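What follows is the content of my_file.pdb, which has PDB, C-alpha atoms, pLDDT in the B column:
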ATOM      1  CA  MET A   1      -5.112   2.083   5.158  1.00 82.00           C
ATOM      2  CA  TYR A   2      -7.569   2.273   8.040  1.00 88.00           C
ATOM      3  CA  PHE A   3      -4.891   1.321  10.551  1.00 90.00           C
ATOM      4  CA  THR A   4      -2.668   4.011   9.071  1.00 93.00           C
ATOM      5  CA  VAL A   5      -5.452   6.552   9.603  1.00 94.00           C
ATOM      6  CA  VAL A   6      -5.846   5.523  13.251  1.00 95.00           C
ATOM      7  CA  PHE A   7      -2.094   5.630  13.898  1.00 95.00           C
ATOM      8  CA  LEU A   8      -1.878   9.059  12.265  1.00 95.00           C
ATOM      9  CA  LEU A   9      -4.838  10.236  14.332  1.00 96.00           C
ATOM     10  CA  PHE A  10      -3.061   9.154  17.516  1.00 96.00           C
ATOM     11  CA  ALA A  11       0.098  10.900  16.316  1.00 95.00           C
ATOM     12  CA  VAL A  12      -1.910  14.111  15.818  1.00 95.00           C
ATOM     13  CA  THR A  13      -3.472  13.573  19.264  1.00 95.00           C
ATOM     14  CA  MET A  14       0.006  13.353  20.806  1.00 95.00           C
ATOM     15  CA  PHE A  15       1.039  16.441  18.885  1.00 93.00           C
ATOM     16  CA  PHE A  16      -1.920  18.395  20.285  1.00 93.00           C
ATOM     17  CA  ALA A  17      -1.283  16.968  23.752  1.00 93.00           C
ATOM     18  CA  TRP A  18       2.258  18.317  23.576  1.00 92.00           C
ATOM     19  CA  PHE A  19       1.781  21.605  21.702  1.00 90.00           C
ATOM     20  CA  GLY A  20      -1.903  22.417  21.532  1.00 77.00           C
ATOM     21  CA  ASN A  21      -5.028  22.591  23.614  1.00 85.00           C
ATOM     22  CA  PRO A  22      -5.520  19.580  25.904  1.00 89.00           C
ATOM     23  CA  ARG A  23      -9.263  19.747  25.244  1.00 92.00           C
ATOM     24  CA  VAL A  24      -8.601  19.160  21.543  1.00 94.00           C
ATOM     25  CA  ALA A  25      -6.302  16.294  22.487  1.00 94.00           C
ATOM     26  CA  TYR A  26      -9.094  14.711  24.551  1.00 95.00           C
ATOM     27  CA  MET A  27     -11.534  14.999  21.648  1.00 95.00           C
ATOM     28  CA  LEU A  28      -9.042  13.544  19.182  1.00 95.00           C
ATOM     29  CA  PHE A  29      -8.314  10.725  21.617  1.00 96.00           C
ATOM     30  CA  ALA A  30     -12.028   9.941  21.868  1.00 96.00           C
ATOM     31  CA  LEU A  31     -12.357   9.972  18.071  1.00 96.00           C
ATOM     32  CA  ALA A  32      -9.334   7.682  17.700  1.00 95.00           C
ATOM     33  CA  MET A  33     -10.751   5.244  20.264  1.00 95.00           C
ATOM     34  CA  VAL A  34     -14.111   5.173  18.448  1.00 96.00           C
ATOM     35  CA  LEU A  35     -12.326   4.390  15.173  1.00 94.00           C
ATOM     36  CA  THR A  36     -10.307   1.698  16.970  1.00 94.00           C
ATOM     37  CA  GLY A  37     -13.552   0.181  18.225  1.00 94.00           C
ATOM     38  CA  ALA A  38     -15.003   0.223  14.717  1.00 92.00           C
ATOM     39  CA  LEU A  39     -11.905  -1.499  13.339  1.00 92.00           C
ATOM     40  CA  TYR A  40     -12.117  -4.077  16.114  1.00 92.00           C
ATOM     41  CA  LEU A  41     -15.755  -4.826  15.292  1.00 91.00           C
ATOM     42  CA  HIS A  42     -14.837  -5.223  11.629  1.00 87.00           C
ATOM     43  CA  HIS A  43     -11.966  -7.616  12.265  1.00 86.00           C
ATOM     44  CA  ALA A  44     -13.242  -9.562  15.280  1.00 83.00           C
ATOM     45  CA  SER A  45     -15.534 -11.694  13.175  1.00 78.00           C
ATOM     46  CA  SER A  46     -14.169 -15.183  13.923  1.00 75.00           C
ATOM     47  CA  THR A  47     -16.234 -17.351  16.226  1.00 77.00           C
ATOM     48  CA  LEU A  48     -14.591 -18.002  19.562  1.00 77.00           C
ATOM     49  CA  PRO A  49     -14.149 -21.728  20.398  1.00 74.00           C
ATOM     50  CA  LEU A  50     -15.941 -21.243  23.697  1.00 74.00           C
ATOM     51  CA  SER A  51     -19.284 -21.766  25.304  1.00 72.00           C
ATOM     52  CA  PHE A  52     -20.480 -20.014  28.426  1.00 70.00           C
TER      53      PHE A  52
ATOM     54  CA  MET B  53       4.371  11.533  45.796  1.00 79.00           C
ATOM     55  CA  SER B  54       5.628  14.839  44.428  1.00 85.00           C
ATOM     56  CA  PRO B  55       4.766  16.071  40.912  1.00 84.00           C
ATOM     57  CA  ARG B  56       8.451  15.540  40.050  1.00 85.00           C
ATOM     58  CA  ILE B  57       8.212  11.819  40.900  1.00 89.00           C
ATOM     59  CA  ALA B  58       4.902  11.523  39.016  1.00 90.00           C
ATOM     60  CA  VAL B  59       6.468  13.047  35.909  1.00 91.00           C
ATOM     61  CA  LEU B  60       9.425  10.686  36.222  1.00 93.00           C
ATOM     62  CA  LEU B  61       7.113   7.655  36.465  1.00 94.00           C
ATOM     63  CA  ASN B  62       5.114   8.847  33.442  1.00 95.00           C
ATOM     64  CA  THR B  63       8.336   9.274  31.482  1.00 95.00           C
ATOM     65  CA  LEU B  64       9.425   5.760  32.392  1.00 96.00           C
ATOM     66  CA  GLY B  65       6.002   4.570  31.259  1.00 95.00           C
ATOM     67  CA  LEU B  66       6.549   6.240  27.887  1.00 96.00           C
ATOM     68  CA  TYR B  67       9.901   4.491  27.539  1.00 96.00           C
ATOM     69  CA  ALA B  68       8.284   1.157  28.436  1.00 95.00           C
ATOM     70  CA  ILE B  69       5.720   1.667  25.638  1.00 95.00           C
ATOM     71  CA  CYS B  70       8.580   2.549  23.264  1.00 95.00           C
ATOM     72  CA  VAL B  71      10.473  -0.635  24.184  1.00 95.00           C
ATOM     73  CA  VAL B  72       7.400  -2.832  23.625  1.00 93.00           C
ATOM     74  CA  SER B  73       6.641  -1.170  20.282  1.00 93.00           C
ATOM     75  CA  LEU B  74      10.233  -1.425  19.061  1.00 93.00           C
ATOM     76  CA  GLU B  75      10.391  -5.066  20.141  1.00 90.00           C
ATOM     77  CA  ALA B  76       7.297  -5.766  18.025  1.00 88.00           C
ATOM     78  CA  PHE B  77       9.006  -4.062  15.076  1.00 87.00           C
ATOM     79  CA  PHE B  78      12.170  -6.090  15.699  1.00 89.00           C
ATOM     80  CA  PHE B  79      10.284  -9.377  15.380  1.00 86.00           C
ATOM     81  CA  GLN B  80       8.318  -8.079  12.396  1.00 87.00           C
ATOM     82  CA  LEU B  81      11.486  -7.244  10.500  1.00 87.00           C
ATOM     83  CA  THR B  82      13.831 -10.028  11.624  1.00 87.00           C
ATOM     84  CA  GLN B  83      11.371 -12.959  11.833  1.00 83.00           C
ATOM     85  CA  GLN B  84       9.188 -11.801   8.929  1.00 81.00           C
ATOM     86  CA  GLU B  85       6.174 -12.012  11.227  1.00 83.00           C
ATOM     87  CA  LEU B  86       3.592  -9.654   9.828  1.00 86.00           C
ATOM     88  CA  PRO B  87       1.163  -8.385  12.455  1.00 87.00           C
ATOM     89  CA  CYS B  88      -2.419  -9.584  12.080  1.00 89.00           C
ATOM     90  CA  PRO B  89      -5.314  -7.098  12.403  1.00 90.00           C
ATOM     91  CA  LEU B  90      -5.792  -7.876  16.102  1.00 91.00           C
ATOM     92  CA  CYS B  91      -2.019  -7.481  16.592  1.00 92.00           C
ATOM     93  CA  LEU B  92      -2.180  -4.092  14.871  1.00 93.00           C
ATOM     94  CA  LEU B  93      -5.108  -3.121  17.099  1.00 95.00           C
ATOM     95  CA  GLN B  94      -2.984  -3.941  20.139  1.00 95.00           C
ATOM     96  CA  ARG B  95      -0.235  -1.725  18.741  1.00 95.00           C
ATOM     97  CA  VAL B  96      -2.864   0.995  18.344  1.00 96.00           C
ATOM     98  CA  ALA B  97      -3.836   0.548  21.991  1.00 96.00           C
ATOM     99  CA  PHE B  98      -0.169   0.775  23.038  1.00 95.00           C
ATOM    100  CA  THR B  99      -0.036   4.042  21.114  1.00 95.00           C
ATOM    101  CA  GLY B 100      -3.142   5.233  22.942  1.00 95.00           C
ATOM    102  CA  LEU B 101      -1.468   4.456  26.265  1.00 95.00           C
ATOM    103  CA  ALA B 102       1.101   7.156  25.526  1.00 95.00           C
ATOM    104  CA  VAL B 103      -1.378  10.060  25.290  1.00 96.00           C
ATOM    105  CA  GLY B 104      -1.950  10.294  29.061  1.00 95.00           C
ATOM    106  CA  PRO B 105       1.751  10.438  30.027  1.00 96.00           C
ATOM    107  CA  ILE B 106       2.404  13.061  27.324  1.00 95.00           C
ATOM    108  CA  LEU B 107      -0.383  15.224  28.795  1.00 94.00           C
ATOM    109  CA  THR B 108       1.167  14.750  32.248  1.00 93.00           C
ATOM    110  CA  LEU B 109       4.598  15.794  31.027  1.00 92.00           C
ATOM    111  CA  ARG B 110       3.144  18.879  29.346  1.00 91.00           C
ATOM    112  CA  TYR B 111       0.559  20.031  31.915  1.00 90.00           C
ATOM    113  CA  GLY B 112       1.541  18.259  35.118  1.00 89.00           C
ATOM    114  CA  PRO B 113      -0.192  15.309  36.818  1.00 91.00           C
ATOM    115  CA  LYS B 114      -3.987  15.277  36.637  1.00 91.00           C
ATOM    116  CA  PRO B 115      -6.441  12.437  37.312  1.00 93.00           C
ATOM    117  CA  SER B 116      -7.939  12.816  33.816  1.00 93.00           C
ATOM    118  CA  HIS B 117      -4.570  11.992  32.247  1.00 94.00           C
ATOM    119  CA  TYR B 118      -4.537   8.673  34.066  1.00 96.00           C
ATOM    120  CA  GLY B 119      -8.143   8.157  32.975  1.00 96.00           C
ATOM    121  CA  VAL B 120      -7.061   8.439  29.345  1.00 96.00           C
ATOM    122  CA  THR B 121      -4.378   5.812  29.942  1.00 96.00           C
ATOM    123  CA  ILE B 122      -6.809   3.458  31.693  1.00 97.00           C
ATOM    124  CA  ILE B 123      -9.324   3.722  28.826  1.00 97.00           C
ATOM    125  CA  ALA B 124      -6.632   2.826  26.264  1.00 96.00           C
ATOM    126  CA  ALA B 125      -5.365  -0.006  28.473  1.00 97.00           C
ATOM    127  CA  LEU B 126      -8.871  -1.450  28.904  1.00 97.00           C
ATOM    128  CA  ALA B 127      -9.343  -1.425  25.129  1.00 96.00           C
ATOM    129  CA  GLY B 128      -5.964  -3.074  24.610  1.00 96.00           C
ATOM    130  CA  ALA B 129      -6.622  -5.705  27.262  1.00 96.00           C
ATOM    131  CA  GLY B 130      -9.973  -6.512  25.663  1.00 95.00           C
ATOM    132  CA  ILE B 131      -8.423  -6.921  22.219  1.00 95.00           C
ATOM    133  CA  ALA B 132      -5.569  -9.054  23.573  1.00 95.00           C
ATOM    134  CA  ALA B 133      -8.007 -11.172  25.578  1.00 94.00           C
ATOM    135  CA  ARG B 134     -10.022 -11.885  22.441  1.00 92.00           C
ATOM    136  CA  GLN B 135      -6.887 -13.066  20.645  1.00 90.00           C
ATOM    137  CA  ILE B 136      -5.932 -15.258  23.609  1.00 92.00           C
ATOM    138  CA  LEU B 137      -9.416 -16.818  23.558  1.00 90.00           C
ATOM    139  CA  LEU B 138      -9.155 -17.422  19.788  1.00 87.00           C
ATOM    140  CA  HIS B 139      -6.175 -19.710  20.442  1.00 86.00           C
ATOM    141  CA  ILE B 140      -7.112 -21.128  23.814  1.00 83.00           C
ATOM    142  CA  GLU B 141      -8.085 -24.601  22.641  1.00 81.00           C
ATOM    143  CA  PRO B 142      -5.591 -27.377  23.532  1.00 82.00           C
ATOM    144  CA  GLY B 143      -3.316 -28.132  20.579  1.00 81.00           C
ATOM    145  CA  ASP B 144      -3.736 -24.717  19.002  1.00 80.00           C
ATOM    146  CA  PRO B 145      -0.213 -23.475  18.173  1.00 80.00           C
ATOM    147  CA  GLY B 146      -1.250 -19.840  18.547  1.00 78.00           C
ATOM    148  CA  PHE B 147      -0.372 -16.962  16.228  1.00 81.00           C
ATOM    149  CA  GLY B 148       3.265 -16.054  15.694  1.00 77.00           C
ATOM    150  CA  SER B 149       6.261 -16.997  17.764  1.00 78.00           C
ATOM    151  CA  ALA B 150       6.420 -17.151  21.535  1.00 79.00           C
ATOM    152  CA  VAL B 151       8.771 -15.253  23.820  1.00 80.00           C
ATOM    153  CA  LEU B 152       9.574 -16.839  27.184  1.00 86.00           C
ATOM    154  CA  GLY B 153       6.700 -19.236  26.661  1.00 85.00           C
ATOM    155  CA  TYR B 154       4.021 -16.655  25.950  1.00 89.00           C
ATOM    156  CA  HIS B 155       2.788 -15.310  22.643  1.00 89.00           C
ATOM    157  CA  PHE B 156       2.910 -11.562  22.026  1.00 91.00           C
ATOM    158  CA  TYR B 157      -0.807 -11.098  22.608  1.00 92.00           C
ATOM    159  CA  THR B 158      -0.490 -12.755  26.022  1.00 94.00           C
ATOM    160  CA  TRP B 159       2.388 -10.449  26.930  1.00 94.00           C
ATOM    161  CA  ALA B 160       0.322  -7.544  25.622  1.00 94.00           C
ATOM    162  CA  PHE B 161      -2.582  -8.524  27.885  1.00 96.00           C
ATOM    163  CA  ILE B 162      -0.221  -8.679  30.872  1.00 96.00           C
ATOM    164  CA  PHE B 163       1.255  -5.283  29.950  1.00 95.00           C
ATOM    165  CA  PHE B 164      -2.171  -3.647  29.668  1.00 96.00           C
ATOM    166  CA  VAL B 165      -3.293  -5.063  33.027  1.00 97.00           C
ATOM    167  CA  VAL B 166      -0.064  -3.873  34.640  1.00 96.00           C
ATOM    168  CA  ALA B 167      -0.661  -0.418  33.128  1.00 96.00           C
ATOM    169  CA  ILE B 168      -4.141  -0.286  34.677  1.00 97.00           C
ATOM    170  CA  ALA B 169      -2.771  -1.408  38.043  1.00 97.00           C
ATOM    171  CA  ALA B 170       0.066   1.128  37.845  1.00 95.00           C
ATOM    172  CA  CYS B 171      -2.382   3.959  37.102  1.00 95.00           C
ATOM    173  CA  ALA B 172      -4.580   2.886  40.023  1.00 95.00           C
ATOM    174  CA  ALA B 173      -1.544   2.788  42.314  1.00 94.00           C
ATOM    175  CA  VAL B 174      -0.292   6.222  41.227  1.00 93.00           C
ATOM    176  CA  LEU B 175      -3.789   7.709  41.602  1.00 93.00           C
ATOM    177  CA  LEU B 176      -3.633   6.867  45.321  1.00 93.00           C
ATOM    178  CA  PHE B 177      -1.140   9.694  45.895  1.00 89.00           C
ATOM    179  CA  ASN B 178      -3.097  12.951  45.974  1.00 87.00           C
ATOM    180  CA  GLU B 179      -0.112  15.204  46.691  1.00 82.00           C
ATOM    181  CA  GLN B 180       0.901  15.121  43.030  1.00 83.00           C
ATOM    182  CA  PHE B 181      -2.350  16.900  42.065  1.00 84.00           C
ATOM    183  CA  SER B 182      -2.172  19.742  44.597  1.00 79.00           C
ATOM    184  CA  GLY B 183      -1.196  23.249  43.719  1.00 60.00           C
ATOM    185  CA  GLN B 184       0.515  23.924  40.476  1.00 63.00           C
ATOM    186  CA  ASP B 185      -0.809  23.585  36.925  1.00 65.00           C
ATOM    187  CA  GLN B 186       2.648  23.470  35.408  1.00 69.00           C
ATOM    188  CA  PRO B 187       4.850  20.387  35.545  1.00 73.00           C
ATOM    189  CA  PRO B 188       8.381  20.501  36.923  1.00 77.00           C
ATOM    190  CA  PRO B 189      11.008  21.627  34.400  1.00 84.00           C
ATOM    191  CA  LEU B 190      11.587  18.984  31.767  1.00 87.00           C
ATOM    192  CA  GLY B 191      14.956  17.759  30.542  1.00 90.00           C
ATOM    193  CA  LEU B 192      16.289  15.857  27.586  1.00 92.00           C
ATOM    194  CA  PHE B 193      15.143  12.576  29.155  1.00 93.00           C
ATOM    195  CA  GLU B 194      11.492  13.665  29.021  1.00 92.00           C
ATOM    196  CA  TYR B 195      11.684  15.383  25.617  1.00 94.00           C
ATOM    197  CA  ALA B 196      13.337  12.319  24.079  1.00 96.00           C
ATOM    198  CA  ALA B 197      10.576  10.056  25.395  1.00 95.00           C
ATOM    199  CA  VAL B 198       7.845  12.187  23.811  1.00 95.00           C
ATOM    200  CA  TRP B 199       9.511  12.467  20.416  1.00 95.00           C
ATOM    201  CA  LEU B 200      10.493   8.803  20.420  1.00 96.00           C
ATOM    202  CA  ILE B 201       6.909   7.632  20.911  1.00 96.00           C
ATOM    203  CA  ILE B 202       5.607  10.096  18.291  1.00 95.00           C
ATOM    204  CA  GLY B 203       8.249   8.774  15.875  1.00 95.00           C
ATOM    205  CA  ILE B 204       7.322   5.168  16.594  1.00 95.00           C
ATOM    206  CA  THR B 205       3.653   6.005  16.015  1.00 95.00           C
ATOM    207  CA  LEU B 206       4.469   7.488  12.600  1.00 95.00           C
ATOM    208  CA  LEU B 207       6.585   4.400  11.879  1.00 94.00           C
ATOM    209  CA  ASN B 208       3.589   2.225  12.757  1.00 93.00           C
ATOM    210  CA  ALA B 209       1.425   4.277  10.396  1.00 94.00           C
ATOM    211  CA  ALA B 210       3.883   3.756   7.542  1.00 93.00           C
ATOM    212  CA  SER B 211       4.298   0.051   8.326  1.00 92.00           C
ATOM    213  CA  ALA B 212       0.527  -0.500   8.381  1.00 90.00           C
ATOM    214  CA  LEU B 213       0.188   1.238   5.018  1.00 89.00           C
ATOM    215  CA  VAL B 214       2.887  -0.929   3.428  1.00 89.00           C
ATOM    216  CA  GLU B 215       1.419  -4.083   4.960  1.00 86.00           C
ATOM    217  CA  CYS B 216      -2.271  -3.476   4.315  1.00 85.00           C
ATOM    218  CA  GLY B 217      -2.207  -1.228   1.272  1.00 82.00           C
ATOM    219  CA  PHE B 218      -5.266   0.933   0.654  1.00 83.00           C
ATOM    220  CA  ASP B 219      -7.850  -1.541   1.924  1.00 80.00           C
ATOM    221  CA  PHE B 220      -8.647  -3.526   5.062  1.00 83.00           C
ATOM    222  CA  CYS B 221      -5.838  -5.758   6.310  1.00 79.00           C
ATOM    223  CA  PRO B 222      -6.214  -9.461   5.502  1.00 78.00           C
ATOM    224  CA  ALA B 223      -6.975 -11.697   8.486  1.00 76.00           C
ATOM    225  CA  ASN B 224      -3.721 -13.606   8.107  1.00 78.00           C
ATOM    226  CA  PRO B 225      -1.238 -11.415   6.232  1.00 78.00           C
ATOM    227  CA  VAL B 226       1.654 -13.219   4.545  1.00 76.00           C
ATOM    228  CA  ASP B 227       3.098 -10.429   2.431  1.00 79.00           C
ATOM    229  CA  TYR B 228       3.403  -6.666   2.368  1.00 82.00           C
ATOM    230  CA  GLU B 229       0.531  -5.533   0.177  1.00 77.00           C
ATOM    231  CA  LEU B 230       2.320  -2.521  -1.321  1.00 79.00           C
ATOM    232  CA  LEU B 231       5.523  -4.488  -1.980  1.00 81.00           C
ATOM    233  CA  HIS B 232       3.738  -7.466  -3.506  1.00 75.00           C
ATOM    234  CA  ARG B 233       4.229  -7.735  -7.257  1.00 59.00           C
ATOM    235  CA  PRO B 234       1.853 -10.105  -9.019  1.00 60.00           C
ATOM    236  CA  ASN B 235       3.542 -12.856 -11.023  1.00 55.00           C
ATOM    237  CA  THR B 236       3.024 -12.021 -14.685  1.00 51.00           C
ATOM    238  CA  THR B 237       4.765 -15.056 -16.207  1.00 51.00           C
TER     239      THR B 237
END

Can you give me the file's structure in the form of structure tokens?
Amino acid sequence: MYFTVVFLLFAVTMFFAWFGNPRVAYMLFALAMVLTGALYLHHASSTLPLSF
Amino acid sequence: MSPRIAVLLNTLGLYAICVVSLEAFFFQLTQQELPCPLCLLQRVAFTGLAVGPILTLRYGPKPSHYGVTIIAALAGAGIAARQILLHIEPGDPGFGSAVLGYHFYTWAFIFFVVAIAACAAVLLFNEQFSGQDQPPPLGLFEYAAVWLIIGITLLNAASALVECGFDFCPANPVDYELLHRPNTT
């Protein structure tokens, strides 16, 4: 469901980029990227087989 | 580079994102390869790549539009790089099938890096930003690109809902959550 929310948010962002205020589109884009980052942090839990 | 050429390049970029997204859908439906959470995140990043070109088509070329694209591409490249590193050990078969020797996440990483390089290259041409606030007149080619990517994004939203259901996606999905019927025998 969370991926669906992010995809829909990007769809709304595109809609505002095309029809609405670009400033709103920028804010929605930022919100969508923050949610993407949160989803990444949730799912990127496996340990990488690397050592630096 | 004239604004007309910049708009054309942005439109071609939108079509490239559409082709990549549709190709991912093609393999999902024909090979029964359900996208993992990191794969879905890369699809999200591809979707984010499209916001900048849409702004350019609507309002004309501006540096901030390319900035939006670069931010989405950096996020996508980071996600794809993590998936590459997850399967980098010798003998690891990787996740999903390979196309021309590379897995999808490797191709995605290459695509995101190319997108960043393309934005940097286009930003070198200042003439596109001078003067007008309105883009050149748009035709069916440009309108179709915008509506195609919006449609694909909505398709991705529906696909993610069917695959993941109303919770977080499993790490290694094997079935569509909403289509799965528990065996009652």

Shell around stretch 30-35 of chain A at 8 Å using only C-alpha atoms, local window under 6 positions removed, as a compact mmCIF listing (two decimals) with C-alpha atoms, keeping the file's coordinate frame:
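Below you can see part_0.txt, which holds the result:
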# COMPACT_ATOMS: atom_id res chain seq x y z
CA VAL A 6 -5.85 5.52 13.25
CA LEU A 9 -4.84 10.24 14.33
CA PHE A 10 -3.06 9.15 17.52
CA ALA B 124 -6.63 2.83 26.26

Using all atoms listed in the file, which of B:Tyr228, B:Phe220, B:Phe147, B:Phe163 sits nearest chain A?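 Nearest to chain A: B:Phe220.
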
Closest of A:Leu50, A:Leu28, A:Leu39, A:Ala44 to A:Met1 - atom-to-atom distances counting only C-alpha atoms: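 Among A:Leu50, A:Leu28, A:Leu39, A:Ala44, it is A:Leu39 that comes nearest to A:Met1.
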
As a short mmCIF file (atom, residue, chain, number, x, y, z; two decimals) with C-alpha atoms, in the coordinates of the input, please: the residues near B:Ala129 (cut-off 8 Å, all atoms listed in the file, same-chain neighbours under 3 positions excluded).
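Contents of the output file result_28.cif:
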data_model
loop_
_atom_site.label_atom_id
_atom_site.label_comp_id
_atom_site.auth_asym_id
_atom_site.auth_seq_id
_atom_site.Cartn_x
_atom_site.Cartn_y
_atom_site.Cartn_z
CA ALA B 125 -5.36 -0.01 28.47
CA LEU B 126 -8.87 -1.45 28.90
CA ALA B 132 -5.57 -9.05 23.57
CA ALA B 133 -8.01 -11.17 25.58
CA ALA B 160 0.32 -7.54 25.62
CA PHE B 161 -2.58 -8.52 27.88
CA ILE B 162 -0.22 -8.68 30.87
CA PHE B 164 -2.17 -3.65 29.67
CA VAL B 165 -3.29 -5.06 33.03
#

If we draw a sphere of 10 Å around (7.7, 16.1, 41.6), which residues have at least one atom in it when counting only C-alpha atoms? Please report them as a compact mmCIF listing (two decimals) with C-alpha atoms, in the coordinates of the input.
# COMPACT_ATOMS: atom_id res chain seq x y z
CA MET B 53 4.37 11.53 45.80
CA SER B 54 5.63 14.84 44.43
CA PRO B 55 4.77 16.07 40.91
CA ARG B 56 8.45 15.54 40.05
CA ILE B 57 8.21 11.82 40.90
CA ALA B 58 4.90 11.52 39.02
CA VAL B 59 6.47 13.05 35.91
CA LEU B 60 9.43 10.69 36.22
CA LEU B 61 7.11 7.66 36.47
CA GLY B 112 1.54 18.26 35.12
CA PRO B 113 -0.19 15.31 36.82
CA GLU B 179 -0.11 15.20 46.69
CA GLN B 180 0.90 15.12 43.03
CA PRO B 187 4.85 20.39 35.54
CA PRO B 188 8.38 20.50 36.92
CA PRO B 189 11.01 21.63 34.40

Of the residues B:Gly119, B:Gly203, B:Gly217, B:Pro222, which is the one nearest to B:Leu74, using all atoms listed in the file?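 Using all atoms listed in the file, the shortest distance to B:Leu74 belongs to B:Gly203.
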
Measuring atom to atom with all atoms listed in the file, identify which of B:Leu207, B:Val103, B:Ile123, B:Ala172 is nearest to chain A. B:Val103

Please check the contacts: residues of chain B at most 8 Å away from chain A, using all atoms listed in the file, listed as an mmCIF file with C-alpha atoms, in the frame of the given file.
data_model
loop_
_atom_site.group_PDB
_atom_site.id
_atom_site.type_symbol
_atom_site.label_atom_id
_atom_site.label_comp_id
_atom_site.auth_asym_id
_atom_site.auth_seq_id
_atom_site.Cartn_x
_atom_site.Cartn_y
_atom_site.Cartn_z
ATOM 1 C CA PRO B 89 -5.314 -7.098 12.403
ATOM 2 C CA LEU B 90 -5.792 -7.876 16.102
ATOM 3 C CA LEU B 92 -2.180 -4.092 14.871
ATOM 4 C CA LEU B 93 -5.108 -3.121 17.099
ATOM 5 C CA VAL B 96 -2.864 0.995 18.344
ATOM 6 C CA THR B 99 -0.036 4.042 21.114
ATOM 7 C CA GLY B 100 -3.142 5.233 22.942
ATOM 8 C CA ALA B 102 1.101 7.156 25.526
ATOM 9 C CA VAL B 103 -1.378 10.060 25.290
ATOM 10 C CA ILE B 106 2.404 13.061 27.324
ATOM 11 C CA LEU B 107 -0.383 15.224 28.795
ATOM 12 C CA ARG B 110 3.144 18.879 29.346
ATOM 13 C CA ALA B 124 -6.632 2.826 26.264
ATOM 14 C CA ILE B 131 -8.423 -6.921 22.219
ATOM 15 C CA LEU B 137 -9.416 -16.818 23.558
ATOM 16 C CA LEU B 138 -9.155 -17.422 19.788
ATOM 17 C CA ILE B 140 -7.112 -21.128 23.814
ATOM 18 C CA GLU B 141 -8.085 -24.601 22.641
ATOM 19 C CA ILE B 202 5.607 10.096 18.291
ATOM 20 C CA THR B 205 3.653 6.005 16.015
ATOM 21 C CA LEU B 206 4.469 7.488 12.600
ATOM 22 C CA ASN B 208 3.589 2.225 12.757
ATOM 23 C CA ALA B 209 1.425 4.277 10.396
ATOM 24 C CA ALA B 210 3.883 3.756 7.542
ATOM 25 C CA ALA B 212 0.527 -0.500 8.381
ATOM 26 C CA LEU B 213 0.188 1.238 5.018
ATOM 27 C CA CYS B 216 -2.271 -3.476 4.315
ATOM 28 C CA GLY B 217 -2.207 -1.228 1.272
ATOM 29 C CA PHE B 218 -5.266 0.933 0.654
ATOM 30 C CA ASP B 219 -7.850 -1.541 1.924
ATOM 31 C CA PHE B 220 -8.647 -3.526 5.062
ATOM 32 C CA CYS B 221 -5.838 -5.758 6.310
ATOM 33 C CA ALA B 223 -6.975 -11.697 8.486
#
